[in-house]
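Trainee: My file is target07.csv. It has CSV, C-alpha atoms:
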chain,number,residue,atom,x,y,z
A,1,MET,CA,-55.1,103.3,12.1
A,2,LYS,CA,-54.5,103.9,8.4
A,3,LYS,CA,-54.8,107.4,7.2
A,4,ILE,CA,-56.9,108.1,4.1
A,5,GLN,CA,-55.0,109.7,1.2
A,6,LYS,CA,-56.8,112.1,-1.1
A,7,CYS,CA,-56.4,111.4,-4.9
A,8,CYS,CA,-56.8,113.8,-7.7
A,9,CYS,CA,-59.4,113.1,-10.4
A,10,TYR,CA,-56.9,112.7,-13.2
A,11,LEU,CA,-55.0,110.1,-11.1
A,12,LEU,CA,-58.2,108.0,-10.7
A,13,LEU,CA,-59.0,108.3,-14.4
A,14,ALA,CA,-55.4,107.2,-15.2
A,15,ALA,CA,-55.7,104.2,-12.9
A,16,VAL,CA,-58.9,103.1,-14.5
A,17,ALA,CA,-57.6,103.5,-18.0
A,18,CYS,CA,-54.4,101.5,-17.4
A,19,GLY,CA,-55.9,98.9,-15.0
A,20,ALA,CA,-53.0,97.1,-13.3
A,21,GLY,CA,-50.5,98.0,-15.9
A,22,THR,CA,-48.3,101.0,-16.4
A,23,THR,CA,-48.9,104.5,-17.6
A,24,ILE,CA,-45.7,106.2,-18.8
A,25,ALA,CA,-45.5,109.9,-18.9
A,26,ASN,CA,-42.7,112.5,-19.4
A,27,ASP,CA,-41.4,113.5,-16.0
A,28,ASN,CA,-41.2,117.0,-17.3
A,29,ASP,CA,-45.0,117.1,-17.7
A,30,SER,CA,-46.1,118.0,-14.2
A,31,ARG,CA,-49.7,117.2,-14.9
A,32,ARG,CA,-49.1,113.4,-15.3
A,33,LEU,CA,-47.7,110.5,-13.3
A,34,ILE,CA,-46.1,107.1,-13.9
A,35,ILE,CA,-48.6,104.6,-12.4
A,36,ASP,CA,-47.9,100.9,-12.0
A,37,ARG,CA,-49.8,98.9,-9.4
A,38,ASP,CA,-48.3,95.5,-10.2
A,39,VAL,CA,-46.5,93.8,-7.3
A,40,ASP,CA,-44.8,90.4,-7.1
A,41,THR,CA,-44.0,88.4,-4.0
A,42,PHE,CA,-40.2,88.0,-3.8
A,43,ALA,CA,-40.1,85.9,-0.7
A,44,VAL,CA,-42.3,84.7,2.2
A,45,LEU,CA,-40.7,84.6,5.6
A,46,PRO,CA,-40.3,81.3,7.4
A,47,ASP,CA,-43.2,80.2,9.7
A,48,GLY,CA,-43.1,82.2,13.0
A,49,VAL,CA,-40.9,84.9,11.7
A,50,ARG,CA,-42.8,88.2,11.7
A,51,PHE,CA,-42.6,91.9,10.8
A,52,PRO,CA,-39.8,92.3,8.2
A,53,GLU,CA,-38.6,95.9,8.4
A,54,GLY,CA,-35.0,96.7,7.3
A,55,ILE,CA,-33.7,95.6,3.9
A,56,THR,CA,-30.5,95.9,2.0
A,57,ALA,CA,-28.7,94.2,-0.9
A,58,ASN,CA,-25.3,92.9,-1.9
A,59,PRO,CA,-24.9,94.6,-5.3
A,60,MET,CA,-22.2,92.1,-6.3
A,61,ASN,CA,-24.5,89.0,-6.3
A,62,GLY,CA,-28.0,90.4,-5.7
A,63,ASP,CA,-28.4,88.8,-2.3
A,64,ILE,CA,-31.2,90.4,-0.3
A,65,TYR,CA,-31.0,90.9,3.5
A,66,VAL,CA,-34.0,91.4,5.7
A,67,GLY,CA,-34.2,92.2,9.4
A,68,THR,CA,-37.3,91.8,11.7
A,69,PHE,CA,-38.9,94.3,14.1
A,70,ASP,CA,-40.6,91.9,16.5
A,71,GLY,CA,-40.4,93.4,20.0
A,72,GLY,CA,-40.0,90.7,22.7
A,73,ASN,CA,-39.5,87.8,20.3
A,74,GLN,CA,-36.4,86.5,18.7
A,75,ASN,CA,-35.4,88.8,15.9
A,76,LYS,CA,-33.6,87.5,12.8
A,77,LEU,CA,-31.4,88.7,10.0
A,78,LEU,CA,-32.4,86.7,6.9
A,79,ARG,CA,-30.3,86.3,3.7
A,80,TYR,CA,-32.1,85.5,0.4
A,81,ASN,CA,-30.4,84.8,-2.9
A,82,ARG,CA,-31.5,86.7,-6.1
A,83,HIS,CA,-34.2,84.2,-6.7
A,84,GLY,CA,-35.9,84.5,-3.3
A,85,ARG,CA,-34.5,81.4,-1.7
A,86,LEU,CA,-33.6,81.7,2.0
A,87,VAL,CA,-29.9,80.7,2.2
A,88,ALA,CA,-29.0,81.8,5.8
A,89,SER,CA,-30.5,83.1,9.0
A,90,LEU,CA,-29.0,84.7,12.1
A,91,ASN,CA,-30.7,85.1,15.4
A,92,LEU,CA,-30.0,88.5,16.9
A,93,GLY,CA,-32.0,88.3,20.1
A,94,ILE,CA,-35.1,90.0,21.4
A,95,ALA,CA,-34.1,93.6,20.6
A,96,PRO,CA,-36.1,94.7,17.5
A,97,LEU,CA,-34.1,95.6,14.4
A,98,LEU,CA,-34.8,98.6,12.1
A,99,GLY,CA,-32.4,99.6,9.3
A,100,LEU,CA,-29.9,97.6,7.4
A,101,GLU,CA,-27.1,98.9,5.2
A,102,PHE,CA,-24.5,97.1,3.1
A,103,ASP,CA,-20.9,98.1,3.3
A,104,ARG,CA,-19.6,97.5,-0.2
A,105,ALA,CA,-16.0,98.1,0.5
A,106,ASN,CA,-15.9,95.4,3.3
A,107,LYS,CA,-18.8,93.2,2.3
A,108,LYS,CA,-20.6,93.6,5.7
A,109,ILE,CA,-24.1,94.3,6.7
A,110,TYR,CA,-24.7,97.0,9.3
A,111,VAL,CA,-27.8,96.7,11.6
A,112,THR,CA,-29.6,99.1,13.9
A,113,ASN,CA,-30.4,97.3,17.1
A,114,VAL,CA,-33.1,99.1,19.2
A,115,GLY,CA,-32.1,97.6,22.5
A,116,ASP,CA,-33.7,100.5,24.4
A,117,PHE,CA,-37.1,98.9,23.7
A,118,VAL,CA,-36.1,95.8,25.7
A,119,GLY,CA,-33.7,97.4,28.2
A,120,SER,CA,-30.4,96.3,26.6
A,121,GLY,CA,-29.2,99.6,25.1
A,122,SER,CA,-29.4,100.7,21.4
A,123,LYS,CA,-26.4,100.1,19.2
A,124,ILE,CA,-25.1,99.6,15.7
A,125,GLN,CA,-23.9,96.1,14.9
A,126,ARG,CA,-22.5,94.4,11.8
A,127,VAL,CA,-21.9,90.9,10.3
A,128,ALA,CA,-20.1,89.5,7.3
A,129,ALA,CA,-22.1,88.9,4.1
A,130,ASP,CA,-22.4,85.2,5.0
A,131,LEU,CA,-23.9,86.3,8.4
A,132,SER,CA,-20.9,85.3,10.4
A,133,GLY,CA,-18.9,87.2,12.9
A,134,LEU,CA,-21.5,89.4,14.7
A,135,GLN,CA,-19.8,92.5,16.1
A,136,ASP,CA,-20.8,95.6,18.0
A,137,VAL,CA,-19.8,98.8,16.2
A,138,ALA,CA,-21.0,101.7,18.4
A,139,THR,CA,-23.4,102.6,21.2
A,140,ILE,CA,-26.0,105.2,20.3
A,141,PRO,CA,-25.6,108.2,22.7
A,142,GLY,CA,-28.5,109.5,24.8
A,143,ILE,CA,-29.0,113.1,23.8
A,144,GLY,CA,-32.7,113.5,24.6
A,145,ALA,CA,-35.3,115.1,22.4
A,146,PRO,CA,-34.7,118.3,20.4
A,147,GLY,CA,-36.1,121.6,21.6
A,148,PRO,CA,-39.7,122.7,20.9
A,149,ARG,CA,-41.1,123.4,17.5
A,150,THR,CA,-43.4,126.3,16.7
A,151,VAL,CA,-46.0,125.7,14.0
A,152,GLY,CA,-48.0,128.5,12.4
A,153,ASN,CA,-51.7,128.3,11.8
A,154,PRO,CA,-53.8,129.8,9.0
A,155,ASP,CA,-55.3,132.4,11.3
A,156,GLY,CA,-52.0,133.8,12.2
A,157,SER,CA,-51.7,132.1,15.6
A,158,SER,CA,-49.2,129.4,16.4
A,159,ASP,CA,-48.8,126.2,18.4
A,160,THR,CA,-45.8,124.9,20.2
A,161,ILE,CA,-44.9,121.2,20.1
A,162,THR,CA,-42.7,119.9,22.9
A,163,PHE,CA,-41.1,116.5,22.5
A,164,GLY,CA,-40.4,114.0,25.2
A,165,SER,CA,-36.9,112.9,26.2
A,166,GLY,CA,-37.2,109.9,23.9
A,167,ALA,CA,-35.6,106.5,23.8
A,168,ARG,CA,-32.5,105.9,21.6
A,169,VAL,CA,-34.1,104.6,18.4
A,170,PRO,CA,-31.5,104.3,15.7
A,171,ASN,CA,-33.5,103.7,12.5
A,172,ALA,CA,-31.9,104.0,9.1
A,173,MET,CA,-28.3,104.2,7.8
A,174,VAL,CA,-26.5,105.2,4.7
A,175,PHE,CA,-22.8,105.2,3.8
A,176,ASP,CA,-21.0,107.9,1.8
A,177,ASN,CA,-19.6,106.9,-1.6
A,178,ASP,CA,-16.2,105.8,-0.2
A,179,GLY,CA,-17.6,104.1,2.9
A,180,ASN,CA,-15.7,106.4,5.2
A,181,HIS,CA,-18.8,107.8,6.9
A,182,LEU,CA,-21.9,106.1,8.1
A,183,TYR,CA,-25.0,108.3,8.7
A,184,VAL,CA,-27.6,107.1,11.2
A,185,SER,CA,-31.1,108.5,11.9
A,186,ASP,CA,-32.7,108.4,15.4
A,187,SER,CA,-36.5,108.5,15.3
A,188,PHE,CA,-37.2,109.4,18.9
A,189,GLN,CA,-34.3,111.7,19.7
A,190,GLY,CA,-34.8,113.6,16.5
A,191,ALA,CA,-31.2,113.3,15.4
A,192,ILE,CA,-28.7,112.4,12.7
A,193,PHE,CA,-25.5,110.8,13.8
A,194,ARG,CA,-22.3,110.1,11.9
A,195,ILE,CA,-19.7,107.5,12.5
A,196,THR,CA,-16.3,108.1,10.8
A,197,ASN,CA,-14.2,105.1,9.6
A,198,PRO,CA,-16.6,102.5,11.0
A,199,GLU,CA,-14.5,99.6,9.7
A,200,GLY,CA,-11.4,100.8,11.5
A,201,CYS,CA,-12.8,102.1,14.8
A,202,ALA,CA,-15.1,99.2,15.8
A,203,PRO,CA,-15.9,98.2,18.4
A,204,GLY,CA,-16.5,101.4,20.4
A,205,CYS,CA,-16.7,103.8,17.5
A,206,LYS,CA,-17.3,107.5,18.3
A,207,VAL,CA,-20.8,108.7,17.4
A,208,GLU,CA,-20.9,112.3,16.3
A,209,THR,CA,-24.2,114.3,16.4
A,210,ILE,CA,-24.4,116.3,13.3
A,211,SER,CA,-28.1,117.4,13.5
A,212,HIS,CA,-30.5,117.6,16.5
A,213,ASP,CA,-33.4,119.5,15.1
A,214,PRO,CA,-37.2,119.8,16.0
A,215,LEU,CA,-38.0,119.0,12.3
A,216,LEU,CA,-36.5,115.5,12.9
A,217,ALA,CA,-38.9,114.7,15.7
A,218,THR,CA,-42.6,114.1,15.5
A,219,ALA,CA,-45.8,114.1,17.5
A,220,GLY,CA,-47.6,112.4,14.6
A,221,PHE,CA,-48.6,108.9,13.6
A,222,PRO,CA,-46.9,106.4,13.3
A,223,PRO,CA,-44.8,107.9,16.1
A,224,PHE,CA,-41.4,107.7,14.4
A,225,GLY,CA,-39.6,110.9,13.4
A,226,ALA,CA,-36.3,110.8,11.5
A,227,ASN,CA,-36.4,107.5,9.5
A,228,GLY,CA,-35.2,106.6,6.0
A,229,LEU,CA,-31.9,108.1,4.7
A,230,ALA,CA,-30.5,108.7,1.2
A,231,LEU,CA,-27.4,110.6,0.3
A,232,SER,CA,-27.2,112.7,-2.9
A,233,SER,CA,-24.5,111.7,-5.4
A,234,ASP,CA,-22.4,114.8,-4.6
A,235,GLU,CA,-22.7,114.1,-0.9
A,236,LYS,CA,-23.9,117.6,-0.1
A,237,THR,CA,-27.5,116.7,0.8
A,238,LEU,CA,-28.8,114.0,3.1
A,239,PHE,CA,-32.5,113.2,2.5
A,240,ILE,CA,-34.5,112.2,5.6
A,241,ALA,CA,-38.0,110.7,5.9
A,242,ASN,CA,-40.0,111.9,8.9
A,243,THR,CA,-42.7,109.2,9.2
A,244,GLY,CA,-45.1,110.8,11.7
A,245,ASP,CA,-45.0,114.2,9.9
A,246,ASP,CA,-45.6,112.7,6.4
A,247,ARG,CA,-42.5,114.6,5.1
A,248,VAL,CA,-39.2,114.2,3.5
A,249,LEU,CA,-36.6,116.6,4.8
A,250,LYS,CA,-33.1,117.5,3.6
A,251,LEU,CA,-30.0,118.2,5.6
A,252,ASP,CA,-27.4,120.5,4.1
A,253,LEU,CA,-24.1,118.7,4.8
A,254,THR,CA,-22.1,121.7,3.6
A,255,LYS,CA,-23.1,123.6,6.8
A,256,PRO,CA,-21.4,123.0,10.1
A,257,SER,CA,-22.7,120.3,12.4
A,258,LEU,CA,-25.7,121.3,14.5
A,259,SER,CA,-26.4,124.4,12.4
A,260,THR,CA,-29.9,125.5,13.2
A,261,ASP,CA,-30.8,126.3,9.6
A,262,ALA,CA,-29.4,123.1,8.0
A,263,VAL,CA,-32.7,121.1,7.9
A,264,SER,CA,-35.5,122.1,5.6
A,265,ILE,CA,-38.6,120.5,4.1
A,266,PHE,CA,-38.2,118.8,0.7
A,267,ALA,CA,-41.7,117.2,0.3
A,268,GLU,CA,-45.0,117.2,2.2
A,269,SER,CA,-47.9,114.8,2.4
A,270,ILE,CA,-46.1,111.5,1.8
A,271,ASN,CA,-48.5,109.3,3.8
A,272,GLY,CA,-46.1,107.6,6.4
A,273,ALA,CA,-42.8,108.4,4.7
A,274,ASP,CA,-40.5,105.5,5.7
A,275,GLY,CA,-37.6,104.0,3.8
A,276,ILE,CA,-36.1,105.9,1.0
A,277,ALA,CA,-33.6,105.4,-1.9
A,278,LEU,CA,-32.2,107.4,-4.8
A,279,ASP,CA,-32.1,105.8,-8.3
A,280,GLU,CA,-29.6,106.5,-11.1
A,281,HIS,CA,-31.9,109.1,-12.6
A,282,GLY,CA,-32.0,111.2,-9.4
A,283,ARG,CA,-35.5,110.2,-8.4
A,284,LEU,CA,-36.1,109.7,-4.7
A,285,TRP,CA,-38.2,106.6,-4.0
A,286,VAL,CA,-40.2,106.7,-0.7
A,287,ALA,CA,-42.1,103.8,1.0
A,288,ALA,CA,-45.4,105.4,2.0
A,289,ASN,CA,-46.3,103.0,4.8
A,290,GLN,CA,-49.7,104.4,5.5
A,291,ALA,CA,-50.7,104.6,1.8
A,292,ASP,CA,-49.5,101.1,1.0
A,293,GLU,CA,-47.5,102.3,-2.0
A,294,VAL,CA,-44.1,103.5,-3.1
A,295,VAL,CA,-43.7,106.9,-4.6
A,296,ALA,CA,-41.0,108.7,-6.5
A,297,LEU,CA,-40.1,112.3,-6.1
A,298,ASN,CA,-38.3,114.5,-8.7
A,299,ALA,CA,-35.7,117.1,-7.9
A,300,SER,CA,-38.4,119.6,-6.9
A,301,GLY,CA,-40.1,117.2,-4.4
A,302,ARG,CA,-43.0,116.5,-6.7
A,303,ILE,CA,-44.5,113.0,-6.9
A,304,VAL,CA,-43.7,111.7,-10.4
A,305,ALA,CA,-44.5,108.0,-10.0
A,306,LYS,CA,-46.6,105.7,-7.8
A,307,LEU,CA,-46.1,102.0,-7.5
A,308,GLY,CA,-47.9,99.2,-5.8
A,309,GLU,CA,-51.1,98.9,-3.8
A,310,PHE,CA,-52.8,96.7,-1.2
A,311,ARG,CA,-55.3,94.2,-2.7
A,312,GLY,CA,-56.3,92.2,0.4
A,313,ILE,CA,-55.0,89.1,2.2
A,314,ARG,CA,-54.3,85.9,0.3
A,315,ARG,CA,-55.5,82.5,1.5
A,316,ASP,CA,-52.0,81.7,2.7
A,317,GLY,CA,-52.1,84.7,5.0
A,318,THR,CA,-49.7,86.9,3.1
A,319,PRO,CA,-50.5,90.4,1.8
A,320,ASN,CA,-51.6,90.7,-1.8
A,321,GLY,CA,-49.5,93.6,-2.9
A,322,LEU,CA,-48.1,96.1,-0.4
A,323,LEU,CA,-49.2,96.3,3.2
A,324,PHE,CA,-47.3,98.8,5.5
A,325,PRO,CA,-44.3,98.9,3.1
A,326,ALA,CA,-41.4,99.9,5.5
A,327,SER,CA,-38.1,99.8,3.7
A,328,LEU,CA,-36.9,99.5,0.2
A,329,VAL,CA,-33.7,98.7,-1.8
A,330,ILE,CA,-33.0,99.1,-5.5
A,331,VAL,CA,-31.2,96.4,-7.4
A,332,ASP,CA,-30.7,96.9,-11.1
A,333,ASP,CA,-34.2,97.7,-12.4
A,334,GLU,CA,-36.1,96.3,-9.5
A,335,ILE,CA,-37.3,97.6,-6.1
A,336,PHE,CA,-37.5,95.2,-3.2
A,337,VAL,CA,-39.9,96.2,-0.3
A,338,THR,CA,-40.5,94.8,3.1
A,339,ASN,CA,-44.2,94.5,4.1
A,340,LEU,CA,-44.0,95.2,7.8
A,341,SER,CA,-47.7,94.5,8.1
A,342,ILE,CA,-48.0,95.4,11.7
A,343,ALA,CA,-51.1,96.6,13.4
A,344,LEU,CA,-50.6,99.8,15.3
A,345,THR,CA,-53.9,100.5,17.1
A,346,GLY,CA,-55.4,98.7,20.1
A,347,ALA,CA,-58.8,98.4,18.3
A,348,ILE,CA,-60.0,95.1,16.9
A,349,GLY,CA,-61.0,94.9,13.3
A,350,ASP,CA,-59.8,98.3,12.0
A,351,GLU,CA,-56.6,97.2,10.3
A,352,PRO,CA,-56.0,94.6,7.6
A,353,GLU,CA,-52.6,93.9,9.2
A,354,GLU,CA,-54.5,92.0,12.0
A,355,ASN,CA,-55.3,89.3,9.4
A,356,VAL,CA,-51.8,88.7,8.2
A,357,THR,CA,-50.4,85.3,9.4
A,358,ARG,CA,-47.3,85.1,7.0
A,359,TRP,CA,-45.0,87.9,6.2
A,360,SER,CA,-43.4,88.8,2.9
A,361,VAL,CA,-41.1,90.8,0.8
A,362,SER,CA,-42.4,92.3,-2.4
A,363,ARG,CA,-40.7,93.1,-5.7
A,364,MET,CA,-41.6,95.7,-8.3
A,365,LYS,CA,-40.2,96.7,-11.7
A,366,MET,CA,-38.6,100.2,-11.9
A,367,PRO,CA,-40.4,102.3,-14.5
A,368,ARG,CA,-38.3,103.5,-17.3
A,369,HIS,CA,-37.2,107.1,-17.0
Could you quickly redo this structure as C-alpha cells?

Mentor:
Amino acid sequence: MKKIQKCCCYLLLAAVACGAGTTIANDNDSRRLIIDRDVDTFAVLPDGVRFPEGITANPMNGDIYVGTFDGGNQNKLLRYNRHGRLVASLNLGIAPLLGLEFDRANKKIYVTNVGDFVGSGSKIQRVAADLSGLQDVATIPGIGAPGPRTVGNPDGSSDTITFGSGARVPNAMVFDNDGNHLYVSDSFQGAIFRITNPEGCAPGCKVETISHDPLLATAGFPPFGANGLALSSDEKTLFIANTGDDRVLKLDLTKPSLSTDAVSIFAESINGADGIALDEHGRLWVAANQADEVVALNASGRIVAKLGEFRGIRRDGTPNGLLFPASLVIVDDEIFVTNLSIALTGAIGDEPEENVTRWSVSRMKMPRH
C-alpha cells in the first residue's frame, strides 16, 4: 500500500506556478526547492520481462545495465546502449536480482543474487561488460538479524523492536575510488559487508562484516532495511538507505568495524528510501519508491530538489512518469531510474502497479546546481 506523503503549502504553490517545468532556487536558501516533474521513458523492457530493479552504467560509453527482481521467473540482466536500444540480454535464472555495480577498473558488472528467496543461496556474481563470462564472486554469510532496537516515545516511554533471524538479502553495492573494496548492504540481516580485492580473490572471496546494527534493519514497509549505498568522495562515510524506516543513514568508516556508535541517522521521512547516488556537487539523490519521485539531499540531510512524479498508466501498459522508482544511476547530466512497478499488498485495486503490463526505465535531466 502506498504511503501518503505530506506536502508543505509553499511546495504546492511552487508546483502550480511552474507546471511540469523546473523551478530553480539557490540551495543555500532553505525555504525553497528545485522542482522538476518532467520524466522521459528511456527504455521499455521486452515483452514478458518484469520488475526492473538494479541499474548501473558503463561511464566510458554510456551503456545502461538493468537487472530484474522477478521471484520464481527467469531473471535477466539487460544491456542498453546510450540511446535506449537493447543490445544484449543474459538469463541469470529464477533467483531475483537486486543491486548492480560497475567495476570501472576491470569493466565488469557486479550483481547481487538473492538466492535465499528460491532456496539456492545468496551470492555476489559478476559478468564482463558484454555480458559474457558469468562468475560467482562470494557467498553472503548468514549472520542473522541484529539485536533489538529501543525507540523512545513522546510521553517518555519506549518500545523495543526485535528483528527476526532474516534471510540473506544482499541488496546494493558500491566500490571505493580505486576498486579495491566492494561494500554490500544486506536488507534482512541489517548488515554492511565488505569484500577486499574482489577482482583478485574470486571465486570464493572473503566477506567481512563491518556493521551489524539495529538501525540497518526494519520492521516497516516495504520490509527492506539496509538498501541503497553511496560512498563519500573522501571515503570516510558510507550513506545507506533504510527503505522500511524512510531514512538515510550514514556509517562512519573511520571507526573500527562493528563499532556500536558508527551508524547514525542522516535524513528522516524519505518515503521508501531505496537506491541512492552522489552527484559531483555533493548532493545525495534518493529514489523515494513510495512517493514516486527522486529527491536530492544537501550536506545537512535537507531535501533541496524533487524530480519526477506518477501520472498514470499509458495505453501501452507502461507507467507515465515514475512508479515505484527503485534504483538510480547518474550519467553526465542525466539520472536513469528503474520503475520496479510491483504491487506489494494482497488487496485488489489499491495499487496502480496492478495495472502495469509493460515495465520501463525512466530518464530525467539533472537540475543545474

Trainee: With distances taken over all atoms listed in the file, which of A:Phe266, A:Phe193, A:Phe221, A:Tyr183 is nearest to Glu235 in chain A?

Mentor: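 Distance minimum relative to Glu235 in chain A lands on A:Tyr183.
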
Trainee: For CA of Thr68 in chain A and CA of Thr112 in chain A, determine how far apart the two atoms are, in Å to one decimal place.

Mentor: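 Here the two named atoms are 10.8 Å from each other.
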
Trainee: Take CA of Ser341 in chain A and CA of Gly99 in chain A and report the distance between them in Å, one decimal.

Mentor: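 Answer for the CA of Ser341 in chain A to CA of Gly99 in chain A separation: 16.2 Å.
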
Trainee: For a test of reading the model, state the distance in Å between CA of Ser360 in chain A and CA of Glu53 in chain A, rounded to one decimal.

Mentor: 10.2 Å

Trainee: Determine the nearest neighbour of Val295 in chain A from the options A:Lys108, A:Ala262, A:Gly190, A:Asn271, counting only C-alpha atoms.

Mentor: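 Smallest distance to Val295 in chain A is found for A:Asn271.
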
Trainee: Which of these, A:Lys306, A:Arg50, A:Lys123, A:Arg358, has the shortest distance to Ala291 in chain A once you count all atoms listed in the file?

Mentor: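 Residue with the minimum atom-to-atom distance to Ala291 in chain A: A:Lys306.
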
Trainee: Could you give me, as a ChimeraX atom specification, the residues that have an atom at most 7 Å away from the point (-32.9, 114.7, 5.6) in the coordinates of the file, using only C-alpha atoms?

Mentor: /A:229,238-241,248-251,263

Trainee: Skip Pro59 in chain A itself and residues of its chain fewer than 3 positions away, then list as a PyMOL selection string all residues within 8 Å of it, counting all atoms listed in the file.

Mentor: chain A and resi 62-63+104+331

Trainee: Taking (-37.2, 105.8, -3.8) in the file's own coordinates, collect the residues within 9 Å, counting all atoms listed in the file, and hand them back as a PyMOL selection string.

Mentor: chain A and resi 230+275-279+283-287+294-297+328-330+335

Trainee: A:Ala267, A:Glu334, A:Gly282, A:His212: which is nearest Gly301 in chain A, counting only C-alpha atoms?

Mentor: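 Answer, going by the shortest atom-to-atom distance: A:Ala267.
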
Trainee: Out of A:Val87, A:Ile192, A:Val207, A:Ala202, which residue has the shortest atom-to-atom distance to Asp252 in chain A when counting only C-alpha atoms?

Mentor: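 So, comparing all the options, the nearest one is A:Ile192.
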
Trainee: Could you tell me which of A:Met366, A:Val114, A:Ile210, A:Ala299 comes closest to Pro96 in chain A if we count all atoms listed in the file?

Mentor: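 Smallest distance to Pro96 in chain A is found for A:Val114.
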
Trainee: Tell me which protein, DNA and RNA residues are within 8 Å of Asn355 in chain A, counting only C-alpha atoms, leaving out same-chain ones fewer than 3 positions away, and put them as a tab-separated table (two decimals) with C-alpha atoms, keeping the file's coordinate frame.

Mentor:
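Wrote result_19.tsv, looks like this:
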chain	number	residue	atom	x	y	z
A	313	ILE	CA	-55.00	89.10	2.20
A	317	GLY	CA	-52.10	84.70	5.00
A	352	PRO	CA	-56.00	94.60	7.60

Trainee: Can you put all heavy atoms back into range 197-203 of chain A and show it as a PDB file, keeping the file's coordinate frame?

Mentor:
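New file result-v5.pdb:
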ATOM      1  N   ASN A 197     -15.073 106.288   9.713  1.00  0.00           N
ATOM      2  CA  ASN A 197     -14.200 105.100   9.600  1.00  0.00           C
ATOM      3  C   ASN A 197     -14.775 103.940  10.445  1.00  0.00           C
ATOM      4  O   ASN A 197     -14.091 103.411  11.321  1.00  0.00           O
ATOM      5  CB  ASN A 197     -12.795 105.406  10.019  1.00  0.00           C
ATOM      6  CG  ASN A 197     -11.851 104.236   9.788  1.00  0.00           C
ATOM      7  OD1 ASN A 197     -12.091 103.382   8.926  1.00  0.00           O
ATOM      8  ND2 ASN A 197     -10.783 104.165  10.576  1.00  0.00           N
ATOM      9  N   PRO A 198     -16.015 103.519  10.199  1.00  0.00           N
ATOM     10  CA  PRO A 198     -16.600 102.500  11.000  1.00  0.00           C
ATOM     11  C   PRO A 198     -15.845 101.131  10.929  1.00  0.00           C
ATOM     12  O   PRO A 198     -15.828 100.354  11.884  1.00  0.00           O
ATOM     13  CB  PRO A 198     -18.024 102.328  10.507  1.00  0.00           C
ATOM     14  CG  PRO A 198     -17.971 102.919   9.135  1.00  0.00           C
ATOM     15  CD  PRO A 198     -16.963 103.995   9.174  1.00  0.00           C
ATOM     16  N   GLU A 199     -15.209 100.866   9.804  1.00  0.00           N
ATOM     17  CA  GLU A 199     -14.500  99.600   9.700  1.00  0.00           C
ATOM     18  C   GLU A 199     -13.253  99.612  10.586  1.00  0.00           C
ATOM     19  O   GLU A 199     -12.917  98.585  11.188  1.00  0.00           O
ATOM     20  CB  GLU A 199     -14.022  99.419   8.210  1.00  0.00           C
ATOM     21  CG  GLU A 199     -13.132  98.209   7.987  1.00  0.00           C
ATOM     22  CD  GLU A 199     -13.808  96.878   8.280  1.00  0.00           C
ATOM     23  OE1 GLU A 199     -15.060  96.825   8.260  1.00  0.00           O
ATOM     24  OE2 GLU A 199     -13.087  95.891   8.531  1.00  0.00           O
ATOM     25  N   GLY A 200     -12.589 100.760  10.741  1.00  0.00           N
ATOM     26  CA  GLY A 200     -11.400 100.800  11.500  1.00  0.00           C
ATOM     27  C   GLY A 200     -11.527 101.088  12.978  1.00  0.00           C
ATOM     28  O   GLY A 200     -10.643 100.764  13.781  1.00  0.00           O
ATOM     29  N   CYS A 201     -12.651 101.658  13.372  1.00  0.00           N
ATOM     30  CA  CYS A 201     -12.800 102.100  14.800  1.00  0.00           C
ATOM     31  C   CYS A 201     -13.527 101.071  15.647  1.00  0.00           C
ATOM     32  O   CYS A 201     -13.471 101.143  16.869  1.00  0.00           O
ATOM     33  CB  CYS A 201     -13.509 103.426  14.856  1.00  0.00           C
ATOM     34  SG  CYS A 201     -15.231 103.407  14.272  1.00  0.00           S
ATOM     35  N   ALA A 202     -14.248 100.145  15.040  1.00  0.00           N
ATOM     36  CA  ALA A 202     -15.100  99.200  15.800  1.00  0.00           C
ATOM     37  C   ALA A 202     -14.190  98.190  16.554  1.00  0.00           C
ATOM     38  O   ALA A 202     -13.129  97.805  16.061  1.00  0.00           O
ATOM     39  CB  ALA A 202     -16.041  98.481  14.912  1.00  0.00           C
ATOM     40  N   PRO A 203     -14.657  97.724  17.728  1.00  0.00           N
ATOM     41  CA  PRO A 203     -15.900  98.200  18.400  1.00  0.00           C
ATOM     42  C   PRO A 203     -15.578  99.504  19.183  1.00  0.00           C
ATOM     43  O   PRO A 203     -14.425  99.909  19.336  1.00  0.00           O
ATOM     44  CB  PRO A 203     -16.152  97.065  19.418  1.00  0.00           C
ATOM     45  CG  PRO A 203     -14.800  96.501  19.719  1.00  0.00           C
ATOM     46  CD  PRO A 203     -13.999  96.609  18.443  1.00  0.00           C
TER      47      PRO A 203
END
